[in-house]
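Student: A single structure is presented below for examination.
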Amino acid sequence: MSAPWKAASAEELEKQYSPSKWVVRLGAEEALKTYVQMGIEATRKARATRRSQLDVPYGDGEGEKVDIYFPDVALEALPFLVFFHGGYWQSGSKDESAFMVNPLTAHGVAVVIVAYDIAPKGTLDKMVDQVARSVAFVQKRFPDNKGIFLCGHSAGAQLAAMMLLVNWSKRGVTPNLKGFFLLSGIYDLEPLMYTSQNAPLHMTLEDARRNSPQWHLKMAPLEPMNSVCPVLVIVGQHDSPEFHRQSREFYETLCQTGWKASFEELPSVDHFEIIWNLAQEDDKVNQIILKTIFQ
């Protein structure tokens, strides 16, 4: 069956993969500006009010750093949420991505915000490798953890989802992965080859498929590393139809390949609100994350 995006015009495809074109409360530019500003403010607040270890290297590369935020109560064994920011693999940084730190650390969860080399410095293959190394690093540094939960937004959701496919035995450590939270992600990268987002990425078809978790699970289904590890695929009501299709199809593929997947459409939020709302303690996604971690 032919993918529906293949029938779209170049102009329509560009719009479908431009999240700011679908916001309903702010203009496109205002939404992007607010998203960045709220990320900077949440990070400033987290660094001022939470115990933390900042710019901890997980590799030798200049961009291979994590920020680790801890709950006030010092426990030896903690659950860890590891977050990968979005930005179409070409913008964003850990220094403006600590949205969920204060609400989650207040409930006893340590939060790790990961930096990776965005394009044009980094390729998709490199980013996926860096993210895998950051997860392995957390396991080695905190071997007594009560579970590592991966969370990614937009491009970061693709990076998190790629961790479902990693052969950890080749990396010398098996992280204690207990859950995945995938927010407004892209899981099949092929449509992006035909949009302006590909300009700094230079993706070929081979690159796109190699870094598409949807393609891997369809073409070469793997036994889940942990069939009871929950994978939550979440999309905002005001994400574009293509983002909805991507999330729905990835959820269905996860179910078909034996993963414990669930799907949630969050009412009345767009691509940016789904992440900046994480700064609020009563946010629906925060509640889902905490319920999953402490179930």
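In the structure tokens, chains take letters A, B, ... by order of appearance, with residues numbered from 1 within each chain and ligands from 1 in the order shown.
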If we count only C-alpha atoms, what is near Gly179 (chain A) at a cut-off of 9 Å, once residues fewer than 3 positions away on the same chain are taken out, given as a ChimeraX atom specification?

Tutor: /A:147-151,228-232,292-293

Student: Which residues, written as a PyMOL selection string, have at least one atom at most 10 Å from region 10-13 of chain A, with only C-alpha atoms counted and residues fewer than 6 positions away on the same chain left out?

Tutor: chain A and resi 191-192+194-196+242

Student: Write out as a list of chain:residue names which residues come within 9 Å of Val235 (chain A) when counting only C-alpha atoms, dropping same-chain ones fewer than 3 positions away.

Tutor: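 The contact residues come out as A:Leu182, A:Leu183, A:Ser184, A:Gly185, A:His238, A:Asp239, A:Phe243, A:His244, A:Ser247, A:Arg248, A:Phe263, A:Glu264, A:Glu265, A:Leu266, A:Val269, A:Asp270, A:His271, A:Ile274.
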
Student: So that I can check the surroundings of Arg171 (chain A), please list as JSON, numbers by chain every protein, DNA and RNA residue that reaches within 9 Å of it, counting only C-alpha atoms and ignoring chain neighbours fewer than 2 positions away.

Tutor: {"A": [132, 133, 136, 166, 167, 168, 169, 173, 174]}

Student: Run DSSP on the backbone and grab whatever in region 119-173 of chain A lands in strand (DSSP E or B); send it over as a PDB file with all heavy atoms, in the first residue's frame.

Tutor:
ATOM      1  N   ILE A 148      15.443   3.211  34.104  1.00  0.00           N
ATOM      2  CA  ILE A 148      15.753   4.328  33.214  1.00  0.00           C
ATOM      3  C   ILE A 148      14.598   4.441  32.227  1.00  0.00           C
ATOM      4  O   ILE A 148      14.234   3.475  31.550  1.00  0.00           O
ATOM      5  CB  ILE A 148      17.089   4.102  32.476  1.00  0.00           C
ATOM      6  CG1 ILE A 148      18.243   4.088  33.492  1.00  0.00           C
ATOM      7  CG2 ILE A 148      17.319   5.175  31.413  1.00  0.00           C
ATOM      8  CD1 ILE A 148      19.590   3.720  32.887  1.00  0.00           C
ATOM      9  N   PHE A 149      14.014   5.635  32.175  1.00  0.00           N
ATOM     10  CA  PHE A 149      12.863   5.909  31.313  1.00  0.00           C
ATOM     11  C   PHE A 149      13.300   6.944  30.280  1.00  0.00           C
ATOM     12  O   PHE A 149      13.841   7.988  30.646  1.00  0.00           O
ATOM     13  CB  PHE A 149      11.691   6.436  32.144  1.00  0.00           C
ATOM     14  CG  PHE A 149      11.201   5.450  33.173  1.00  0.00           C
ATOM     15  CD1 PHE A 149      11.877   5.295  34.383  1.00  0.00           C
ATOM     16  CD2 PHE A 149      10.079   4.671  32.932  1.00  0.00           C
ATOM     17  CE1 PHE A 149      11.442   4.384  35.341  1.00  0.00           C
ATOM     18  CE2 PHE A 149       9.631   3.756  33.880  1.00  0.00           C
ATOM     19  CZ  PHE A 149      10.309   3.605  35.083  1.00  0.00           C
ATOM     20  N   LEU A 150      13.082   6.651  29.010  1.00  0.00           N
ATOM     21  CA  LEU A 150      13.529   7.545  27.940  1.00  0.00           C
ATOM     22  C   LEU A 150      12.360   8.376  27.439  1.00  0.00           C
ATOM     23  O   LEU A 150      11.256   7.857  27.229  1.00  0.00           O
ATOM     24  CB  LEU A 150      14.137   6.751  26.787  1.00  0.00           C
ATOM     25  CG  LEU A 150      15.292   5.804  27.138  1.00  0.00           C
ATOM     26  CD1 LEU A 150      15.897   5.211  25.859  1.00  0.00           C
ATOM     27  CD2 LEU A 150      16.369   6.497  27.966  1.00  0.00           C
ATOM     28  N   CYS A 151      12.619   9.659  27.247  1.00  0.00           N
ATOM     29  CA  CYS A 151      11.586  10.572  26.762  1.00  0.00           C
ATOM     30  C   CYS A 151      12.184  11.457  25.680  1.00  0.00           C
ATOM     31  O   CYS A 151      13.295  11.973  25.838  1.00  0.00           O
ATOM     32  CB  CYS A 151      11.076  11.430  27.927  1.00  0.00           C
ATOM     33  SG  CYS A 151       9.796  12.626  27.479  1.00  0.00           S
ATOM     34  N   GLY A 152      11.464  11.619  24.578  1.00  0.00           N
ATOM     35  CA  GLY A 152      11.927  12.503  23.515  1.00  0.00           C
ATOM     36  C   GLY A 152      10.763  13.256  22.914  1.00  0.00           C
ATOM     37  O   GLY A 152       9.622  12.766  22.882  1.00  0.00           O
ATOM     38  N   HIS A 153      11.055  14.458  22.445  1.00  0.00           N
ATOM     39  CA  HIS A 153      10.033  15.293  21.803  1.00  0.00           C
ATOM     40  C   HIS A 153      10.424  15.538  20.354  1.00  0.00           C
ATOM     41  O   HIS A 153      11.560  15.927  20.069  1.00  0.00           O
ATOM     42  CB  HIS A 153       9.917  16.635  22.534  1.00  0.00           C
ATOM     43  CG  HIS A 153       9.052  17.637  21.834  1.00  0.00           C
ATOM     44  ND1 HIS A 153       9.527  18.856  21.399  1.00  0.00           N
ATOM     45  CD2 HIS A 153       7.737  17.591  21.476  1.00  0.00           C
ATOM     46  CE1 HIS A 153       8.540  19.525  20.816  1.00  0.00           C
ATOM     47  NE2 HIS A 153       7.450  18.782  20.852  1.00  0.00           N
TER      48      HIS A 153
END
